[in-house]
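Containing mmCIF, C-alpha atoms (C1' of nucleotides): my_file12.cif.
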data_run
#
loop_
_atom_site.group_PDB
_atom_site.id
_atom_site.type_symbol
_atom_site.label_atom_id
_atom_site.label_comp_id
_atom_site.auth_asym_id
_atom_site.auth_seq_id
_atom_site.Cartn_x
_atom_site.Cartn_y
_atom_site.Cartn_z
ATOM 1 C CA MET Q 9 0.000 0.000 0.000
ATOM 2 C CA ARG Q 10 2.848 2.315 -0.695
ATOM 3 C CA ARG Q 11 4.275 3.647 2.506
ATOM 4 C CA LYS Q 12 4.079 7.287 3.421
ATOM 5 C CA PRO Q 13 7.687 8.405 4.127
ATOM 6 C CA GLY Q 14 8.408 8.491 7.849
ATOM 7 C CA ALA Q 15 5.270 6.603 8.739
ATOM 8 C CA VAL Q 16 5.291 3.863 11.331
ATOM 9 C CA LEU Q 17 2.618 1.265 10.848
ATOM 10 C CA PRO Q 18 0.534 -0.053 13.748
ATOM 11 C CA LEU Q 19 2.133 -3.482 13.523
ATOM 12 C CA GLU Q 20 5.553 -1.886 13.677
ATOM 13 C CA VAL Q 21 4.599 0.112 16.744
ATOM 14 C CA ALA Q 22 3.430 -3.097 18.377
ATOM 15 C CA ILE Q 23 6.697 -4.825 17.507
ATOM 16 C CA LEU Q 24 8.828 -2.021 18.857
ATOM 17 C CA SER Q 25 6.795 -1.762 22.059
ATOM 18 C CA THR Q 26 7.021 -5.489 22.601
ATOM 19 C CA ALA Q 27 10.767 -5.345 21.995
ATOM 20 C CA ILE Q 28 11.035 -2.816 24.792
ATOM 21 C CA ASP Q 29 9.004 -5.078 27.049
ATOM 22 C CA PHE Q 30 11.401 -7.891 26.277
ATOM 23 C CA VAL Q 31 14.402 -5.838 27.272
ATOM 24 C CA ALA Q 32 12.623 -4.769 30.456
ATOM 25 C CA SER Q 33 11.949 -8.374 31.375
ATOM 26 C CA GLY Q 34 15.522 -9.471 30.762
ATOM 27 C CA THR Q 35 15.167 -10.875 27.253
ATOM 28 C CA GLY Q 36 17.707 -8.792 25.431
ATOM 29 C CA ARG Q 37 17.340 -10.332 22.029
ATOM 30 C CA PHE Q 38 14.181 -11.777 20.600
ATOM 31 C CA HIS Q 39 13.147 -13.770 17.549
ATOM 32 C CA GLY Q 40 10.158 -13.615 15.246
ATOM 33 C CA PHE Q 41 8.269 -16.533 16.647
ATOM 34 C CA LEU Q 42 8.522 -15.326 20.212
ATOM 35 C CA LEU Q 43 7.205 -11.998 19.050
ATOM 36 C CA ALA Q 44 4.333 -13.703 17.277
ATOM 37 C CA LYS Q 45 3.311 -15.505 20.446
ATOM 38 C CA HIS Q 46 3.314 -12.303 22.465
ATOM 39 C CA LEU Q 47 1.472 -10.305 19.844
ATOM 40 C CA ARG Q 48 -1.232 -12.917 19.515
ATOM 41 C CA GLY Q 49 -2.128 -12.731 23.159
ATOM 42 C CA ALA Q 50 -1.891 -8.998 23.396
ATOM 43 C CA GLU Q 51 -3.776 -6.218 21.739
ATOM 44 C CA GLY Q 52 -1.887 -6.905 18.531
ATOM 45 C CA ALA Q 53 -4.073 -9.896 17.773
ATOM 46 C CA LYS Q 54 -5.773 -8.032 14.972
ATOM 47 C CA LEU Q 55 -2.528 -6.730 13.613
ATOM 48 C CA LEU Q 56 -1.153 -10.155 12.948
ATOM 49 C CA THR Q 57 -2.943 -12.987 11.275
ATOM 50 C CA ALA Q 58 -0.318 -14.636 9.109
ATOM 51 C CA HIS Q 59 3.268 -15.227 10.123
ATOM 52 C CA GLY Q 60 4.607 -13.949 6.843
ATOM 53 C CA THR Q 61 3.282 -10.527 7.713
ATOM 54 C CA LEU Q 62 5.404 -10.396 10.832
ATOM 55 C CA TYR Q 63 8.592 -11.627 9.198
ATOM 56 C CA LYS Q 64 8.241 -9.178 6.358
ATOM 57 C CA ALA Q 65 7.700 -6.394 8.844
ATOM 58 C CA LEU Q 66 10.844 -7.442 10.677
ATOM 59 C CA SER Q 67 13.039 -7.425 7.598
ATOM 60 C CA ARG Q 68 11.477 -4.139 6.548
ATOM 61 C CA MET Q 69 12.317 -2.648 9.912
ATOM 62 C CA GLU Q 70 15.815 -4.004 9.777
ATOM 63 C CA LYS Q 71 16.302 -2.415 6.379
ATOM 64 C CA ALA Q 72 15.042 0.836 7.884
ATOM 65 C CA GLY Q 73 17.672 0.558 10.586
ATOM 66 C CA TRP Q 74 15.252 0.163 13.481
ATOM 67 C CA LEU Q 75 16.447 -3.350 14.226
ATOM 68 C CA VAL Q 76 19.602 -5.359 13.760
ATOM 69 C CA SER Q 77 19.559 -9.109 13.387
ATOM 70 C CA GLU Q 78 21.905 -12.027 13.580
ATOM 71 C CA TRP Q 79 21.476 -15.733 12.999
ATOM 72 C CA GLU Q 80 21.880 -17.770 16.115
ATOM 73 C CA ASP Q 81 24.525 -20.458 16.055
ATOM 74 C CA PRO Q 82 23.097 -23.232 13.836
ATOM 75 C CA GLU Q 83 24.525 -25.846 16.161
ATOM 76 C CA ALA Q 84 22.777 -24.377 19.167
ATOM 77 C CA ALA Q 85 19.479 -24.780 17.330
ATOM 78 C CA ALA Q 86 20.358 -28.292 16.225
ATOM 79 C CA ASP Q 87 21.237 -29.235 19.778
ATOM 80 C CA GLU Q 88 17.813 -28.197 20.950
ATOM 81 C CA GLY Q 89 16.167 -29.928 18.024
ATOM 82 C CA ARG Q 90 14.424 -26.958 16.490
ATOM 83 C CA PRO Q 91 14.826 -24.695 13.459
ATOM 84 C CA ARG Q 92 17.342 -21.933 13.837
ATOM 85 C CA ARG Q 93 16.267 -18.485 14.927
ATOM 86 C CA ARG Q 94 17.130 -15.038 13.770
ATOM 87 C CA LEU Q 95 17.782 -12.872 16.789
ATOM 88 C CA TYR Q 96 16.751 -9.237 16.679
ATOM 89 C CA GLU Q 97 17.791 -6.265 18.736
ATOM 90 C CA MET Q 98 16.352 -2.774 18.708
ATOM 91 C CA THR Q 99 18.522 0.183 17.690
ATOM 92 C CA ALA Q 100 18.487 3.821 18.709
ATOM 93 C CA ALA Q 101 16.773 4.593 15.414
ATOM 94 C CA GLY Q 102 14.106 2.094 16.416
ATOM 95 C CA HIS Q 103 13.504 3.904 19.669
ATOM 96 C CA ALA Q 104 13.311 7.158 17.767
ATOM 97 C CA ALA Q 105 10.773 5.756 15.340
ATOM 98 C CA LEU Q 106 8.616 4.492 18.172
ATOM 99 C CA ALA Q 107 8.831 7.851 19.928
ATOM 100 C CA ARG Q 108 7.875 9.634 16.728
ATOM 101 C CA ALA Q 109 4.892 7.349 16.201
ATOM 102 C CA THR Q 110 3.511 7.463 19.724
ATOM 103 C CA GLU Q 111 4.108 11.173 19.962
ATOM 104 C CA GLN Q 112 2.103 11.745 16.833
ATOM 105 C CA ALA Q 113 -0.698 9.617 18.166
ATOM 106 C CA SER Q 114 -1.461 11.118 21.553
ATOM 107 C CA PRO Q 115 -0.053 14.292 23.120
ATOM 108 C CA ALA Q 116 -0.688 17.237 20.825
ATOM 109 C CA PRO Q 117 -2.601 17.127 17.553
ATOM 110 C CA PRO Q 118 -0.113 17.851 14.767
ATOM 111 C CA ARG Q 119 -0.100 21.523 13.909
ATOM 112 C CA ASP Q 120 1.484 21.538 10.518
ATOM 113 C CA VAL Q 121 0.993 18.383 8.535
ATOM 114 C CA GLY Q 122 -0.377 20.017 5.437
ATOM 115 C CA TRP Q 123 -3.755 18.608 6.161
ATOM 116 C CA ASN Q 124 -6.917 20.321 7.342
ATOM 117 C CA PRO Q 125 -10.174 18.943 8.603
ATOM 118 C CA VAL Q 126 -13.050 19.539 6.221
ATOM 119 C CA MET J 18 -2.736 -52.594 14.632
ATOM 120 C CA ARG J 19 -0.415 -55.010 16.343
ATOM 121 C CA ARG J 20 2.387 -55.924 13.986
ATOM 122 C CA LYS J 21 2.970 -59.511 12.942
ATOM 123 C CA PRO J 22 6.652 -60.322 13.517
ATOM 124 C CA GLY J 23 8.519 -60.006 10.246
ATOM 125 C CA ALA J 24 5.692 -58.239 8.483
ATOM 126 C CA VAL J 25 6.334 -55.311 6.142
ATOM 127 C CA LEU J 26 3.499 -52.844 5.847
ATOM 128 C CA PRO J 27 2.418 -51.361 2.491
ATOM 129 C CA LEU J 28 3.728 -47.916 3.356
ATOM 130 C CA GLU J 29 7.053 -49.423 4.293
ATOM 131 C CA VAL J 30 7.229 -51.297 1.010
ATOM 132 C CA ALA J 31 6.556 -48.043 -0.806
ATOM 133 C CA ILE J 32 9.292 -46.292 1.142
ATOM 134 C CA LEU J 33 11.847 -48.994 0.485
ATOM 135 C CA SER J 34 10.990 -49.168 -3.218
ATOM 136 C CA THR J 35 11.269 -45.428 -3.543
ATOM 137 C CA ALA J 36 14.597 -45.534 -1.728
ATOM 138 C CA ILE J 37 15.860 -47.968 -4.358
ATOM 139 C CA ASP J 38 14.613 -45.646 -7.094
ATOM 140 C CA PHE J 39 16.549 -42.824 -5.505
ATOM 141 C CA VAL J 40 19.759 -44.813 -5.510
ATOM 142 C CA ALA J 41 19.180 -45.790 -9.118
ATOM 143 C CA SER J 42 18.740 -42.155 -10.113
ATOM 144 C CA GLY J 43 21.881 -41.054 -8.325
ATOM 145 C CA THR J 44 20.322 -39.791 -5.112
ATOM 146 C CA GLY J 45 22.155 -41.916 -2.620
ATOM 147 C CA ARG J 46 20.628 -40.489 0.513
ATOM 148 C CA PHE J 47 17.163 -39.114 0.852
ATOM 149 C CA HIS J 48 15.113 -37.227 3.425
ATOM 150 C CA GLY J 49 11.526 -37.469 4.595
ATOM 151 C CA PHE J 50 10.149 -34.531 2.698
ATOM 152 C CA LEU J 51 11.607 -35.671 -0.598
ATOM 153 C CA LEU J 52 10.074 -39.043 0.014
ATOM 154 C CA ALA J 53 6.726 -37.424 0.774
ATOM 155 C CA LYS J 54 6.758 -35.555 -2.529
ATOM 156 C CA HIS J 55 7.522 -38.702 -4.495
ATOM 157 C CA LEU J 56 4.992 -40.804 -2.660
ATOM 158 C CA ARG J 57 2.257 -38.238 -3.200
ATOM 159 C CA GLY J 58 2.678 -38.317 -6.940
ATOM 160 C CA ALA J 59 3.141 -42.042 -7.220
ATOM 161 C CA GLU J 60 0.905 -44.968 -6.421
ATOM 162 C CA GLY J 61 1.540 -44.394 -2.763
ATOM 163 C CA ALA J 62 -0.888 -41.493 -2.746
ATOM 164 C CA LYS J 63 -3.324 -43.456 -0.671
ATOM 165 C CA LEU J 64 -0.650 -44.692 1.667
ATOM 166 C CA LEU J 65 0.320 -41.263 2.826
ATOM 167 C CA THR J 66 -1.933 -38.445 3.801
ATOM 168 C CA ALA J 67 -0.328 -36.830 6.818
ATOM 169 C CA HIS J 68 3.376 -36.126 7.204
ATOM 170 C CA GLY J 69 3.457 -37.480 10.708
ATOM 171 C CA THR J 70 2.612 -40.913 9.361
ATOM 172 C CA LEU J 71 5.676 -40.918 7.148
ATOM 173 C CA TYR J 72 8.078 -39.698 9.788
ATOM 174 C CA LYS J 73 6.811 -42.251 12.232
ATOM 175 C CA ALA J 74 7.269 -44.991 9.661
ATOM 176 C CA LEU J 75 10.815 -43.821 9.012
ATOM 177 C CA SER J 76 11.866 -43.919 12.650
ATOM 178 C CA ARG J 77 10.154 -47.280 13.031
ATOM 179 C CA MET J 78 12.118 -48.611 10.093
ATOM 180 C CA GLU J 79 15.321 -47.204 11.431
ATOM 181 C CA LYS J 80 14.693 -48.899 14.752
ATOM 182 C CA ALA J 81 14.111 -52.112 12.817
ATOM 183 C CA GLY J 82 17.492 -51.702 11.160
ATOM 184 C CA TRP J 83 16.158 -51.249 7.632
ATOM 185 C CA LEU J 84 17.424 -47.700 7.414
ATOM 186 C CA VAL J 85 20.196 -45.663 8.947
ATOM 187 C CA SER J 86 19.931 -41.933 9.350
ATOM 188 C CA GLU J 87 22.159 -38.988 10.002
ATOM 189 C CA TRP J 88 21.499 -35.307 10.450
ATOM 190 C CA GLU J 89 22.865 -33.244 7.632
ATOM 191 C CA ASP J 90 25.398 -30.592 8.527
ATOM 192 C CA PRO J 91 23.396 -27.806 10.212
ATOM 193 C CA GLU J 92 25.498 -25.241 8.427
ATOM 194 C CA ALA J 93 24.731 -26.699 5.031
ATOM 195 C CA ALA J 94 21.039 -26.274 5.762
ATOM 196 C CA ALA J 95 21.594 -22.757 7.085
ATOM 197 C CA ASP J 96 23.516 -21.850 3.943
ATOM 198 C CA GLU J 97 20.610 -22.879 1.787
ATOM 199 C CA GLY J 98 18.165 -21.125 4.064
ATOM 200 C CA ARG J 99 15.976 -24.056 4.951
ATOM 201 C CA PRO J 100 15.343 -26.360 7.914
ATOM 202 C CA ARG J 101 17.860 -29.122 8.361
ATOM 203 C CA ARG J 102 17.179 -32.548 6.972
ATOM 204 C CA ARG J 103 17.633 -36.012 8.311
ATOM 205 C CA LEU J 104 19.289 -38.105 5.638
ATOM 206 C CA TYR J 105 18.362 -41.741 5.329
ATOM 207 C CA GLU J 106 20.115 -44.631 3.679
ATOM 208 C CA MET J 107 18.867 -48.151 3.142
ATOM 209 C CA THR J 108 20.666 -51.065 4.755
ATOM 210 C CA ALA J 109 21.110 -54.669 3.677
ATOM 211 C CA ALA J 110 18.408 -55.579 6.175
ATOM 212 C CA GLY J 111 16.167 -53.103 4.402
ATOM 213 C CA HIS J 112 16.744 -54.789 1.073
ATOM 214 C CA ALA J 113 16.050 -58.128 2.694
ATOM 215 C CA ALA J 114 12.790 -56.877 4.183
ATOM 216 C CA LEU J 115 11.649 -55.535 0.827
ATOM 217 C CA ALA J 116 12.575 -58.790 -0.890
ATOM 218 C CA ARG J 117 10.684 -60.756 1.728
ATOM 219 C CA ALA J 118 7.609 -58.567 1.323
ATOM 220 C CA THR J 119 7.472 -58.539 -2.489
ATOM 221 C CA GLU J 120 8.245 -62.238 -2.655
ATOM 222 C CA GLN J 121 5.344 -62.996 -0.399
ATOM 223 C CA ALA J 122 3.061 -60.828 -2.472
ATOM 224 C CA SER J 123 3.464 -61.984 -6.055
ATOM 225 C CA PRO J 124 5.144 -65.180 -7.254
ATOM 226 C CA ALA J 125 2.940 -68.052 -6.181
ATOM 227 C CA PRO J 126 -0.491 -67.720 -4.601
ATOM 228 C CA PRO J 127 -0.093 -68.951 -1.038
ATOM 229 C CA ARG J 128 -1.151 -72.536 -0.775
ATOM 230 C CA ASP J 129 -1.653 -72.821 2.895
ATOM 231 C CA VAL J 130 -3.048 -69.683 4.428
ATOM 232 C CA GLY J 131 -5.697 -71.356 6.440
ATOM 233 C CA TRP J 132 -8.388 -69.596 4.486
ATOM 234 C CA ASN J 133 -10.974 -71.013 2.137
ATOM 235 C CA PRO J 134 -13.494 -69.365 -0.132
ATOM 236 C CA VAL J 135 -17.030 -69.757 1.135
ATOM 237 C "C1'" DG D 1 -14.454 -68.191 17.947
ATOM 238 C "C1'" DC D 2 -14.217 -64.262 20.601
ATOM 239 C "C1'" DC D 3 -11.990 -60.794 23.241
ATOM 240 C "C1'" DG D 4 -8.071 -58.060 24.816
ATOM 241 C "C1'" DA D 5 -3.780 -55.813 23.987
ATOM 242 C "C1'" DA D 6 -0.729 -53.509 21.143
ATOM 243 C "C1'" DT D 7 0.321 -50.735 17.555
ATOM 244 C "C1'" DA D 8 -0.325 -48.280 12.914
ATOM 245 C "C1'" DG D 9 -2.426 -44.404 10.845
ATOM 246 C "C1'" DG D 10 -4.616 -39.833 10.805
ATOM 247 C "C1'" DA D 11 -5.340 -35.155 12.341
ATOM 248 C "C1'" DA D 12 -3.585 -31.336 14.419
ATOM 249 C "C1'" DG D 13 -0.207 -28.404 16.132
ATOM 250 C "C1'" DA D 14 4.557 -26.868 17.660
ATOM 251 C "C1'" DT D 15 8.913 -24.933 15.941
ATOM 252 C "C1'" DA D 16 10.937 -21.284 12.795
ATOM 253 C "C1'" DT D 17 11.574 -18.594 8.648
ATOM 254 C "C1'" DC D 18 11.039 -17.094 3.803
ATOM 255 C "C1'" DT D 19 8.897 -16.142 -0.956
ATOM 256 C "C1'" DG D 20 5.247 -15.189 -4.453
ATOM 257 C "C1'" DC D 21 1.082 -13.014 -5.519
ATOM 258 C "C1'" DG D 22 -2.852 -9.867 -5.384
ATOM 259 C "C1'" DC D 23 -4.750 -5.766 -4.303
ATOM 260 C "C1'" DA D 24 -4.984 -1.371 -2.062
ATOM 261 C "C1'" DT D 25 -3.111 3.001 -1.293
ATOM 262 C "C1'" DA D 26 -0.090 7.041 -1.794
ATOM 263 C "C1'" DC D 27 2.063 9.739 -4.990
ATOM 264 C "C1'" DT D 28 2.640 12.111 -9.501
ATOM 265 C "C1'" DC D 29 1.444 14.022 -13.746
ATOM 266 C "C1'" DT D 30 -1.621 16.441 -16.590
ATOM 267 C "C1'" DA O 28 -8.957 17.765 -9.377
ATOM 268 C "C1'" DG O 29 -8.891 13.420 -11.579
ATOM 269 C "C1'" DA O 30 -6.645 9.459 -13.455
ATOM 270 C "C1'" DG O 31 -2.927 6.387 -13.804
ATOM 271 C "C1'" DT O 32 1.205 4.176 -11.915
ATOM 272 C "C1'" DA O 33 4.143 2.183 -8.707
ATOM 273 C "C1'" DT O 34 5.084 0.673 -4.304
ATOM 274 C "C1'" DG O 35 4.847 -2.509 -0.945
ATOM 275 C "C1'" DC O 36 1.639 -4.635 2.793
ATOM 276 C "C1'" DG O 37 -0.688 -8.703 4.185
ATOM 277 C "C1'" DC O 38 -2.225 -13.428 3.179
ATOM 278 C "C1'" DA O 39 -1.251 -17.966 1.835
ATOM 279 C "C1'" DG O 40 1.786 -21.575 1.269
ATOM 280 C "C1'" DA O 41 6.504 -23.760 0.926
ATOM 281 C "C1'" DT O 42 10.308 -25.889 3.610
ATOM 282 C "C1'" DA O 43 11.423 -29.755 7.173
ATOM 283 C "C1'" DT O 44 10.738 -32.512 11.231
ATOM 284 C "C1'" DC O 45 8.687 -33.945 15.568
ATOM 285 C "C1'" DT O 46 5.059 -34.937 19.248
ATOM 286 C "C1'" DT O 47 0.614 -35.938 21.246
ATOM 287 C "C1'" DC O 48 -4.020 -37.607 21.111
ATOM 288 C "C1'" DC O 49 -7.455 -40.489 19.235
ATOM 289 C "C1'" DT O 50 -9.222 -44.117 16.355
ATOM 290 C "C1'" DA O 51 -9.068 -48.368 13.775
ATOM 291 C "C1'" DT O 52 -7.320 -52.651 12.982
ATOM 292 C "C1'" DT O 53 -5.418 -56.865 13.686
ATOM 293 C "C1'" DC O 54 -2.572 -60.524 16.079
ATOM 294 C "C1'" DG O 55 -2.551 -63.865 19.199
ATOM 295 C "C1'" DG O 56 -4.142 -66.121 23.484
ATOM 296 C "C1'" DC O 57 -7.806 -68.469 25.929
#

Show this structure as structure tokens.
Amino acid sequence: MRRKPGAVLPLEVAILSTAIDFVASGTGRFHGFLLAKHLRGAEGAKLLTAHGTLYKALSRMEKAGWLVSEWEDPEAAADEGRPRRRLYEMTAAGHAALARATEQASPAPPRDVGWNPV
Amino acid sequence: MRRKPGAVLPLEVAILSTAIDFVASGTGRFHGFLLAKHLRGAEGAKLLTAHGTLYKALSRMEKAGWLVSEWEDPEAAADEGRPRRRLYEMTAAGHAALARATEQASPAPPRDVGWNPV
DNA sequence: GCCGAATAGGAAGATATCTGCGCATACTCT
DNA sequence: AGAGTATGCGCAGATATCTTCCTATTCGGC
């Protein structure tokens, strides 16, 4: 749907917020599936139906510089008998994007967006 | 369904036959998913609906000594960007089991099965 | 000959990520 | 302002294996 430059989509806000929750609860780095489980239970249930949606959002956000990722050691995954994970971490730019998005949503209605109510 | 000692089930016959086909066509070792794709297309379509059925049969057959398996190098899988595979190879005992099963099926109608037409 | 025990098969779901396709939306040009 | 184009989001499905629960079948003992 052709992204408006500088926009942060609802799903992305949810991801970034959840990432912050993870850090707060001691989980420094997270992976897509973990995120999916948390988002399903939370308010983000409507924001996420298919898994592909989430993974695309993650790679999008990484390309935007809001996240950095790294493959976990393939052997670690093999030892635990599960597919390997891609571990994500939030960057300063990610925090900034979240701030920008939440700021736009609540505190003061934007004064100069080039848009006027009818 | 309580296995008769020495019996080879239809699905197992199909697996062993397909394994021989693989060797003949240059694919020495095979994995479950490859097998599933071949069995779906072939006559074994009825023998295999769910994946779980196939994987259970494979581990059964390995326990019986008809197959040996080995995990592929986790890094090889990671390099190709897919889940890791378990590679199977047929043993001499496997060939023997297949021979026993096909022999029992075709050459001479059993003379003494303890069954008579009404 | 019948009944009980054991096991095979099926469905469903967990684990994890990626790609292709359709359609909607934001932007641009006239 | 209206129409067309391009971007890219979200859904569905592919990739690969394993586990649990339930049902159906069948072997063998009594």

Checklist entry - Could you list, as a list in words, every residue of chain Q that has an atom within 8 Å of an atom of chain J, counting only C-alpha atoms? => result Pro82, Glu83, Ala86, Pro91 and Arg92 of chain Q

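For the set J:Leu51, J:Ala113, J:Met18, J:Val25, the residue with the smallest atom-to-atom gap to chain D is J:Met18, counting all atoms listed in the file.
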
Find the residues of chain O that sit at most 9 Å from range 4-28 of chain D; for each, write down the nearest two atoms and how far apart they are in Å, to one decimal. Count only C-alpha atoms (C1' of nucleotides). Sort by chain, then by number going up, and give it as a Markdown table.
| residue | atom | partner | partner_atom | distance |
| --- | --- | --- | --- | --- |
| O:DT32 | C1' | D:DT28 | C1' | 8.4 |
| O:DA33 | C1' | D:DC27 | C1' | 8.7 |
| O:DT34 | C1' | D:DA26 | C1' | 8.6 |
| O:DC36 | C1' | D:DA24 | C1' | 8.8 |
| O:DA41 | C1' | D:DT19 | C1' | 8.2 |
| O:DT42 | C1' | D:DC18 | C1' | 8.8 |
| O:DC45 | C1' | D:DA14 | C1' | 8.5 |
| O:DT46 | C1' | D:DA14 | C1' | 8.2 |
| O:DC49 | C1' | D:DG10 | C1' | 8.9 |
| O:DT50 | C1' | D:DG10 | C1' | 8.4 |
| O:DA51 | C1' | D:DG9 | C1' | 8.3 |
| O:DT52 | C1' | D:DA8 | C1' | 8.2 |
| O:DC54 | C1' | D:DA6 | C1' | 8.8 |

Next on the checklist: Please find the residues of chain Q near chain D - the criterion being any atom within 9 Å, counting all atoms listed in the file - and write them as number ranges by chain.
Outcome noted: Q: 9-12, 40-41, 60, 63-64, 90-94

Residues returned when the PyMOL selection byres ((chain J and resi 110) around 9) runs on this file, as number ranges by chain = J: 81-84, 107-109, 111-115

Same-sequence superposition of chain Q onto chain J, all C-alpha, as a compact mmCIF listing (two decimals) with C-alpha atoms, in the frame of the given file:
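Result file is out05.txt:
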# COMPACT_ATOMS: atom_id res chain seq x y z
CA MET Q 9 -3.44 -51.48 14.55
CA ARG Q 10 -1.06 -53.91 16.09
CA ARG Q 11 1.39 -55.16 13.53
CA LYS Q 12 1.47 -58.75 12.43
CA PRO Q 13 5.08 -59.95 12.98
CA GLY Q 14 7.07 -59.91 9.75
CA ALA Q 15 4.47 -57.89 7.91
CA VAL Q 16 5.45 -55.05 5.63
CA LEU Q 17 2.82 -52.39 5.27
CA PRO Q 18 1.92 -50.89 1.89
CA LEU Q 19 3.38 -47.52 2.83
CA GLU Q 20 6.61 -49.22 3.81
CA VAL Q 21 6.77 -51.06 0.51
CA ALA Q 22 6.31 -47.75 -1.27
CA ILE Q 23 9.08 -46.17 0.78
CA LEU Q 24 11.51 -48.98 0.13
CA SER Q 25 10.73 -49.04 -3.59
CA THR Q 26 11.19 -45.31 -3.84
CA ALA Q 27 14.48 -45.60 -1.96
CA ILE Q 28 15.68 -48.02 -4.60
CA ASP Q 29 14.61 -45.60 -7.32
CA PHE Q 30 16.63 -42.90 -5.61
CA VAL Q 31 19.75 -45.01 -5.59
CA ALA Q 32 19.20 -45.89 -9.24
CA SER Q 33 18.95 -42.23 -10.16
CA GLY Q 34 22.09 -41.27 -8.28
CA THR Q 35 20.54 -40.00 -5.05
CA GLY Q 36 22.24 -42.23 -2.56
CA ARG Q 37 20.72 -40.82 0.57
CA PHE Q 38 17.28 -39.34 0.86
CA HIS Q 39 15.27 -37.44 3.45
CA GLY Q 40 11.66 -37.59 4.54
CA PHE Q 41 10.43 -34.56 2.71
CA LEU Q 42 11.91 -35.63 -0.59
CA LEU Q 43 10.21 -38.96 -0.13
CA ALA Q 44 6.93 -37.23 0.60
CA LYS Q 45 7.12 -35.27 -2.64
CA HIS Q 46 7.78 -38.39 -4.68
CA LEU Q 47 5.10 -40.43 -2.98
CA ARG Q 48 2.50 -37.75 -3.49
CA GLY Q 49 2.95 -37.76 -7.22
CA ALA Q 50 3.19 -41.49 -7.55
CA GLU Q 51 0.80 -44.27 -6.80
CA GLY Q 52 1.45 -43.77 -3.10
CA ALA Q 53 -0.82 -40.75 -3.01
CA LYS Q 54 -3.43 -42.67 -1.09
CA LEU Q 55 -0.89 -44.13 1.26
CA LEU Q 56 0.21 -40.78 2.54
CA THR Q 57 -2.01 -37.96 3.61
CA ALA Q 58 -0.29 -36.48 6.64
CA HIS Q 59 3.43 -35.97 6.98
CA GLY Q 60 3.50 -37.42 10.46
CA THR Q 61 2.52 -40.76 9.01
CA LEU Q 62 5.60 -40.83 6.84
CA TYR Q 63 8.03 -39.77 9.55
CA LYS Q 64 6.66 -42.32 11.96
CA ALA Q 65 6.99 -44.98 9.31
CA LEU Q 66 10.59 -43.96 8.75
CA SER Q 67 11.56 -44.17 12.40
CA ARG Q 68 9.67 -47.45 12.67
CA MET Q 69 11.62 -48.83 9.75
CA GLU Q 70 14.87 -47.59 11.17
CA LYS Q 71 14.10 -49.33 14.44
CA ALA Q 72 13.40 -52.48 12.43
CA GLY Q 73 16.82 -52.17 10.85
CA TRP Q 74 15.59 -51.58 7.31
CA LEU Q 75 17.02 -48.08 7.20
CA VAL Q 76 19.84 -46.20 8.85
CA SER Q 77 19.73 -42.46 9.37
CA GLU Q 78 22.03 -39.62 10.16
CA TRP Q 79 21.48 -35.93 10.73
CA GLU Q 80 22.99 -33.78 8.06
CA ASP Q 81 25.49 -31.18 9.18
CA PRO Q 82 23.41 -28.45 10.89
CA GLU Q 83 25.61 -25.80 9.34
CA ALA Q 84 25.01 -27.09 5.85
CA ALA Q 85 21.29 -26.65 6.42
CA ALA Q 86 21.77 -23.22 7.94
CA ASP Q 87 23.86 -22.16 4.97
CA GLU Q 88 21.06 -23.04 2.62
CA GLY Q 89 18.51 -21.38 4.86
CA ARG Q 90 16.29 -24.35 5.53
CA PRO Q 91 15.57 -26.75 8.40
CA ARG Q 92 18.01 -29.57 8.80
CA ARG Q 93 17.34 -32.93 7.23
CA ARG Q 94 17.68 -36.45 8.44
CA LEU Q 95 19.32 -38.51 5.75
CA TYR Q 96 18.26 -42.11 5.31
CA GLU Q 97 19.92 -45.03 3.60
CA MET Q 98 18.51 -48.47 2.95
CA THR Q 99 20.13 -51.54 4.52
CA ALA Q 100 20.40 -55.13 3.38
CA ALA Q 101 17.62 -55.98 5.82
CA GLY Q 102 15.52 -53.36 4.07
CA HIS Q 103 16.08 -55.01 0.72
CA ALA Q 104 15.17 -58.33 2.27
CA ALA Q 105 11.97 -56.95 3.72
CA LEU Q 106 10.97 -55.51 0.37
CA ALA Q 107 11.74 -58.80 -1.36
CA ARG Q 108 9.68 -60.68 1.21
CA ALA Q 109 6.74 -58.32 0.77
CA THR Q 110 6.69 -58.25 -3.02
CA GLU Q 111 7.28 -61.96 -3.21
CA GLN Q 112 4.29 -62.60 -1.02
CA ALA Q 113 2.17 -60.33 -3.15
CA SER Q 114 2.63 -61.66 -6.66
CA PRO Q 115 4.45 -64.82 -7.78
CA ALA Q 116 3.00 -67.83 -6.01
CA PRO Q 117 0.06 -67.79 -3.62
CA PRO Q 118 1.39 -68.71 -0.17
CA ARG Q 119 1.04 -72.41 0.45
CA ASP Q 120 1.33 -72.61 4.18
CA VAL Q 121 0.22 -69.52 6.02
CA GLY Q 122 -2.18 -71.24 8.35
CA TRP Q 123 -5.07 -69.69 6.55
CA ASN Q 124 -7.63 -71.26 4.25
CA PRO Q 125 -10.21 -69.73 1.99
CA VAL Q 126 -13.75 -70.33 3.18

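Of the listed residues J:Val30, J:Val85, J:Met78, J:Leu71, the one whose atoms come nearest to chain O is J:Leu71, with distances taken using all atoms listed in the file.
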
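As for CA of Ser25 in chain Q and CA of Ala107 in chain Q, they are spaced 10.1 Å apart.
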
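One finds CA of Gly58 in chain J at 19.4 Å from CA of Gly43 in chain J.
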
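Take the candidates O:DC48, O:DA43, O:DG35, O:DG56 and check each one against chain Q using only C-alpha atoms (C1' of nucleotides); the shortest distance goes to O:DG35.
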